[in-house]
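Trainee: One structure is given below, represented as structure tokens, and several questions about it will come after.
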Amino acid sequence: MEIMIFHGSEFIIDKPEYGKGGRYNDYGLGFYCTEHVELAREWACTNEHGGYANKYYLDTDGLEILELNSNGYSILNWLAILLENRRFDPGTDVGRMAKDYILAGYLPEYRDYDVIKGYRADDSYFSFAREFLGNGISLQQLERAMHLGELGEQIVIRSRKAFAQLHFAGYEPVDKDTYLAKRNIRDDRAREAYRVERTARVDLNEAIYVMDLMRQDRGNGNVRL
């Protein structure tokens, strides 16, 4: 099967190369794309200038694809991969213990997959994950937060095989004034929705916090995921 994907960048990238890019992105080293051209247009823009929405066809036949939003995976599996690849200091002892706990208990085998599909965590969304690790928001609030702002899924090309099945199909210029504004509006909307979510009354009989998860594994509780 062939799917169309887009990559927003300040450059035209007609030959994506295996092994290039930053190692400390959400899912590690790879070529980060989206199936939504509007998102690629937003990602292409910086505060200084516009960029390009590069278009590709990906032949998925024979590729091993990890879909983190499918049944069988939870938000904690996504978070564990994020924690292994992103560089950050949780900031508190609770956060550091929670980071170690999530990595030890929820990190899936993901490194041998050709392609990974899952949530995109820009800086504001990563702050939601950080707050969960600090026991500031519940697991349910984190799950709802990932849908705020409609960032959608990203598709990461990771293996040599997947790069060989990725074919450039053109590009379009992206105007900074239009799409940087759209990106900022999307981010502001997500932050405001999160503020409302963060201050809403929590049902403590239903809410699960990271400390609850850690205590459960020490035999001091009964938490249902």
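So you can find residues: chains in the structure tokens are A, B, ... in the order shown, residues in each start at 1, and ligands are numbered from 1 in order.
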Neighbours of Ile102 (chain A) within 7 Å (only C-alpha atoms; same-chain residues fewer than 4 positions away dropped), as an NGL selection string?
Mentor: :A and (80 or 98 or 106)
Trainee: Give me, as a PyMOL selection string, all polymer residues having an atom no more than 8 Å from region 38-42 of chain A, counting only C-alpha atoms and skipping those fewer than 3 positions away in the same chain.
Mentor: chain A and resi 6-9+33-34+45+51-53+151+174+179-180+182-183
Trainee: Write the residues you've just listed into a file as a CSV table (one decimal), in the first residue's frame, and include C-alpha atoms for each of them.
Mentor:
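Wrote it out as again_1.csv, contents follow:
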```
chain,number,residue,atom,x,y,z
A,6,PHE,CA,4.5,15.4,4.2
A,7,HIS,CA,7.6,16.9,5.9
A,8,GLY,CA,7.7,20.6,6.9
A,9,SER,CA,11.1,22.2,6.7
A,33,CYS,CA,6.5,13.4,8.7
A,34,THR,CA,2.7,13.7,8.9
A,45,CYS,CA,7.8,28.0,9.5
A,51,GLY,CA,9.8,27.1,4.3
A,52,TYR,CA,8.5,24.2,2.3
A,53,ALA,CA,5.9,21.4,2.6
A,151,LEU,CA,-1.5,18.1,16.6
A,174,VAL,CA,4.9,28.0,2.7
A,179,TYR,CA,1.3,29.5,8.8
A,180,LEU,CA,3.4,30.8,11.8
A,182,LYS,CA,-1.7,29.4,12.5
A,183,ARG,CA,0.8,27.4,14.5
```
Trainee: List as number ranges by chain the protein and nucleic acid residues near Arg86 (chain A), meaning an atom at most 10 Å away when only C-alpha atoms are counted, but skip any in the same chain fewer than 2 places from it.
Mentor: A: 23-28, 81-84, 88-89, 126
Trainee: Can you tell me, as a VMD selection string, what residues are no more than 10 Å from Ile75 (chain A) when counting only C-alpha atoms, ignoring any on the same chain fewer than 4 positions away?
Mentor: chain A and resid 68 to 69 79 to 80 106 118 to 119 139 to 140 142 to 143 146
Trainee: Distance CA of Pro16 (chain A)-CA of Ala181 (chain A), one decimal place?
Mentor: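 Taking CA of Pro16 (chain A) as the start and CA of Ala181 (chain A) as the end point, the length is 27.6 Å.
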